[in-house]
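One structure below.
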Amino acid sequence: MQQQQQQDFDENLYSRQVAVLGAETQAKLGQTKCFHSWIKRSNNLKSISFQLGVEVAKNLVLAGPRSVFIHDEGLVTINDLGSNFYTREQHVGSVSRADASLAQLKELNPYVTVEVYKGPLTPEAISEQFQVVVLTDVWNKDLVSKINEAVRAKNGGFIFAHSSGLFGSTFVDFSDKFAIHDATGEEPKSTIIAGITQDVDGVVTTSDEKRHGFEDNDFVTFREVLGMTEVNEKEFQIKVKSPYTFTIGDTSTFGLYQREGIAIQVKKKQEIAFKSFAASLTHPFAPGRQELDLVDWEKIGRPELLHIATNALFQFAANHGGLPELNNEDHAEQVWKLAQEINAAERGEGAVKADLDEQIVKNVARHARAQITPTTSFWGGVIAQEIVKFTGKFTPIRQWLHADFFEALPTWAIRQNSLRKII
């Protein structure tokens with residue numbers, strides 16, 4: 001493998017990104033080696049275009065890691081011309097998607113080494129060489145799980161994602177112990193003090209003109225407090241009582257508060273844990289959580305339903321060697337039955353259950369082979385952001401994010417008529 005000599009990042013090129021991430025995070029990102037594969041593993045996947053793969057690669061190269069190694073052995077097909085913006089007609093049937101995309105990916109950022117990965121495609125080899133491994137639209141569950149376990153063993157970052165028509169998912173695993181240095185990326189909150197009680201559980205009252213914005217278990221320090229000077233420049237873990245009050249522990253032996261003072265949030269390193277890919281398929285809730293992240297508040301319960309549907313797609317791919325064919329009603333019916341079986345099966349305490357909707361599950365199956373620019377752009381941005389979060393800046397997704405946009409579909413009759421006219 002070619003190695004790119006380490007160099008300081010270009011402040012002009014990354015100025016906007018540095019304004020958000022900070023120079024330290026950008027420097028960390030500049031030392032990260034990434035592997036990204038959108039593997040074609042079955043002849044039954046010939047009709048799929050792999051736009052999400054190149055979207056992720058493009059966003060990742062622009063972000064500025066040390067190196068990005070891409071892998072896709074599948075030859076460019078005519079379908080790719082409608083979605084992969086780096087493929088050309090002369091590429092069809094003659095070069096791989098990775099090779100067809102390489103030259104233009106390299107042009108995006110001269111400070112990033114971009115190469116096609118030609119080494120052994122084994123979990124051990126990949127986990128040894130790269131800090132972050134991304135698999136997109138890979139429906140071989142055993143392969144995904146093996147690579148994930150190998151990456152976890154090295155405390156690396158692992159991301160699986162897919163974009164399937166108007167539905168997609170991202171799975172993030174940053175190992176059993178991952179340190180977050182700045183959970184929000186925001187400037188520390190501060191508030192003006194109006195009073196502090198002398199008590200075994202001292203209550204701090206803030207100015208009623210502005211909510212303090214703190215949360216339970218935040219750490220704060222005080223400055224410029226007169227009278228109760230013992231709190232100045234000391235750190236306290238707080239409990240929030242109201243938008244204008246919080247407690248800081250025993251202040252009964254401190255001096256009497258007189259006036260003034262500012263409370264300032266102190267950001268602390270947090271350590272969080274992730275589950276493996278295999279474990280999260282049945283038990284998707286991250287350690288310490290009891291629900292999946294919700295993208296649309298009008299779709300409460302939808303993430304759990306989509307997780308079951310994702311399991312059904314994996315099972316269908318294992319049974320048939322590929323995803324359901326586009327608008328194939330027989331395949332959609334099979335996926336619906338698989339989803340019902342998975343949801344009803346005894347998979348251990350805490351396994352995810354969902355209120356299944358036949359139409360939604362079948363829509364997942366009908367369009368699983370499709371990739372369209374709006375959704376691949378959305379997921380490409382999400383995945384690139386998660387890779388940046390491996391630096392410890394911002395809180396990663398924990399651990400599955402599912403989203404669908406099926407409300408954009410017209411009625412089934414209209415879709416069928418349109419399809420017949422095209423055929």
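Identifiers in this document derive from the order of the structure tokens: chains are assigned A, B, ..., residues are numbered from 1 separately in each chain, and ligands are numbered from 1 in order of occurrence.
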Query raised in the report: Got a sec: who's within 10 Å of segment 223-228 of chain A, counting only C-alpha atoms, leaving out chain neighbours fewer than 5 positions off, as a list of chain:residue names?
Result: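 Skipping anything fewer than 5 positions along the chain leaves A:Ile192, A:Ile193, A:Ala194, A:Gly195, A:Ile196, A:Thr197, A:Gln198, A:Glu233, A:Lys234, A:Thr251, A:Thr253, A:Phe254, A:Gly255, A:Leu256, A:Tyr257, A:Gln258, A:Arg259, A:Glu260, A:Gly261, A:Ile262, A:Ala263, A:Ile264.
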Requested in this report: Please run DSSP on the backbone and report, as an MDAnalysis selection string, all residues within segment 257-421 of chain A that come out as strand (DSSP E or B).
Outcome: chainID A and resid 259 262:266 270:272 393 400:404
Query raised in the report: Would you give me, as a count of residues only, the residues in segment 108-313 of chain A that DSSP reads as alpha helix (DSSP H)?
Result: 39
Query raised in the report: atom CA of Gln129 of chain A and atom CA of Lys393 of chain A, how far apart in Å?
Result: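 Those two atoms sit 22.8 Å apart.
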Report summary line: Pairwise distance, atom CA of Gly30 of chain A with atom CA of Gly64 of chain A, equals 5.8 Å
Closest pair table for segment 153-220 of chain A residues within 9 Å of segment 347-369 of chain A, only C-alpha atoms, as a tab-separated table:
```
residue	atom	partner	partner_atom	distance
A:Ser163	CA	A:Ala368	CA	8.0
A:Ser164	CA	A:Ala368	CA	4.4
A:Gly165	CA	A:His367	CA	4.9
A:Leu166	CA	A:His367	CA	7.5
A:Phe167	CA	A:Val364	CA	6.7
```
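Of the residues listed (A:Asn12, A:Thr113, A:Thr247, A:Thr229), A:Thr247 shows the shortest atom-to-atom separation from Phe214 of chain A; distances use only C-alpha atoms.
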Report summary line: Using only C-alpha atoms, the residue out of A:Val151, A:Ser145, A:Val231, A:Ser207 with shortest distance to Ala279 of chain A is A:Ser145
**Report entry** Neighbour list for segment 378-384 of chain A as a list in words, cut-off 8 Å, only C-alpha atoms, skip fewer than 6 positions in-chain
**Finding:**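 Near neighbours after the sequence-gap exclusion: Leu52, Gly53, Glu55, Val56, Asn59, Leu60, Ala63, Ile159, Ala161, His162, Ser163, Gly168, Ser169 and Thr170 of chain A.
Using only C-alpha atoms, the smallest distance between any of A:Arg16, A:Val295, A:Phe171, A:Phe130 and Glu386 of chain A comes from A:Phe171.
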Query - Nearby residues (only C-alpha atoms) at most 7 Å from Ser94 of chain A, same-chain spacing under 2 positions excluded, as JSON, numbers by chain - result: {"A": [75, 91, 92]}
Deliver the residues from the most recent selection as a file, using C-alpha atoms, as a PDB file, in the first residue's frame.
```pdb
ATOM      1  CA  LEU A  75     -18.109  -4.355 -13.337  1.00  0.00           C
ATOM      2  CA  HIS A  91     -16.891   1.811 -18.464  1.00  0.00           C
ATOM      3  CA  VAL A  92     -19.854  -0.565 -18.937  1.00  0.00           C
TER       4      VAL A  92
END
```
Requested in this report: Go ahead and compute the interatomic distance for atom CA of Val95 of chain A and atom CA of Lys58 of chain A, in Å to one decimal.
Outcome: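 Between atom CA of Val95 of chain A and atom CA of Lys58 of chain A the gap is 19.0 Å.
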Query - 10 Å contact set for Lys267 of chain A, only C-alpha atoms, chain neighbours under 5 positions out, as a ChimeraX atom specification - result: /A:181-184,186-189,218-220
Identify, on the basis of only C-alpha atoms, every residue whose closest approach to Lys118 of chain A does not exceed 12 Å; exclude the query and any residue fewer than 2 positions from it along the same chain; express the result as a PDB file with C-alpha atoms, in the first residue's frame.
```pdb
ATOM      1  CA  MET A   1       0.000   0.000   0.000  1.00  0.00           C
ATOM      2  CA  GLN A   2       1.129   3.479  -0.815  1.00  0.00           C
ATOM      3  CA  PHE A  35     -11.749   1.148   4.189  1.00  0.00           C
ATOM      4  CA  SER A  37     -16.529  -1.551   0.377  1.00  0.00           C
ATOM      5  CA  PHE A  69      -9.366   2.660   0.230  1.00  0.00           C
ATOM      6  CA  ILE A  70     -12.402   1.691  -1.825  1.00  0.00           C
ATOM      7  CA  HIS A  71     -13.438  -1.797  -2.880  1.00  0.00           C
ATOM      8  CA  ASP A  72     -16.004  -2.938  -5.426  1.00  0.00           C
ATOM      9  CA  GLU A  73     -15.070  -5.726  -7.808  1.00  0.00           C
ATOM     10  CA  ALA A  98     -14.189   1.174  -7.915  1.00  0.00           C
ATOM     11  CA  ASP A  99     -11.712   1.652 -10.776  1.00  0.00           C
ATOM     12  CA  GLU A 115      -6.767   3.959  -3.775  1.00  0.00           C
ATOM     13  CA  VAL A 116      -8.630   0.846  -4.884  1.00  0.00           C
ATOM     14  CA  PRO A 120      -6.895  -9.879   0.777  1.00  0.00           C
ATOM     15  CA  LEU A 121     -10.563  -9.435   1.560  1.00  0.00           C
ATOM     16  CA  THR A 122     -10.505 -11.181   4.919  1.00  0.00           C
ATOM     17  CA  ALA A 125      -6.535  -8.294   6.951  1.00  0.00           C
ATOM     18  CA  ILE A 126      -9.036  -5.439   6.831  1.00  0.00           C
TER      19      ILE A 126
END
```
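Distance check against Val112 of chain A using only C-alpha atoms: of A:Gln51, A:Ser83, A:Thr32, A:Gln371, the minimum falls on A:Thr32.
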Requested in this report: May I have the residues within 10 Å of Glu107 of chain A as a PyMOL selection string, using only C-alpha atoms and disregarding those fewer than 6 positions away in the same chain?
Outcome: chain A and resi 61-62+114
Would you save the residues from that selection as a PDB file, in the first residue's frame, using all heavy atoms?
```
ATOM      1  N   VAL A  61     -13.861  11.555   1.274  1.00  0.00           N
ATOM      2  CA  VAL A  61     -12.641  12.169   0.734  1.00  0.00           C
ATOM      3  C   VAL A  61     -12.648  13.678   0.985  1.00  0.00           C
ATOM      4  O   VAL A  61     -11.629  14.264   1.365  1.00  0.00           O
ATOM      5  CB  VAL A  61     -12.504  11.866  -0.777  1.00  0.00           C
ATOM      6  CG1 VAL A  61     -11.357  12.674  -1.382  1.00  0.00           C
ATOM      7  CG2 VAL A  61     -12.269  10.377  -0.999  1.00  0.00           C
ATOM      8  N   LEU A  62     -13.780  14.311   0.813  1.00  0.00           N
ATOM      9  CA  LEU A  62     -13.874  15.753   1.059  1.00  0.00           C
ATOM     10  C   LEU A  62     -13.645  16.095   2.532  1.00  0.00           C
ATOM     11  O   LEU A  62     -13.139  17.179   2.844  1.00  0.00           O
ATOM     12  CB  LEU A  62     -15.242  16.270   0.607  1.00  0.00           C
ATOM     13  CG  LEU A  62     -15.481  16.317  -0.903  1.00  0.00           C
ATOM     14  CD1 LEU A  62     -16.947  16.642  -1.198  1.00  0.00           C
ATOM     15  CD2 LEU A  62     -14.575  17.349  -1.571  1.00  0.00           C
ATOM     16  N   VAL A 114      -6.268   8.209  -1.987  1.00  0.00           N
ATOM     17  CA  VAL A 114      -7.436   7.441  -2.423  1.00  0.00           C
ATOM     18  C   VAL A 114      -6.949   6.335  -3.353  1.00  0.00           C
ATOM     19  O   VAL A 114      -6.321   6.618  -4.372  1.00  0.00           O
ATOM     20  CB  VAL A 114      -8.468   8.326  -3.154  1.00  0.00           C
ATOM     21  CG1 VAL A 114      -9.727   7.512  -3.451  1.00  0.00           C
ATOM     22  CG2 VAL A 114      -8.812   9.555  -2.330  1.00  0.00           C
TER      23      VAL A 114
END
```
Query - Residue with smallest distance to Val132 of chain A - pool A:Tyr86, A:Phe236, A:Phe174, A:Phe405, counting only C-alpha atoms - result: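 Smallest separation from Val132 of chain A among the options: A:Phe174.
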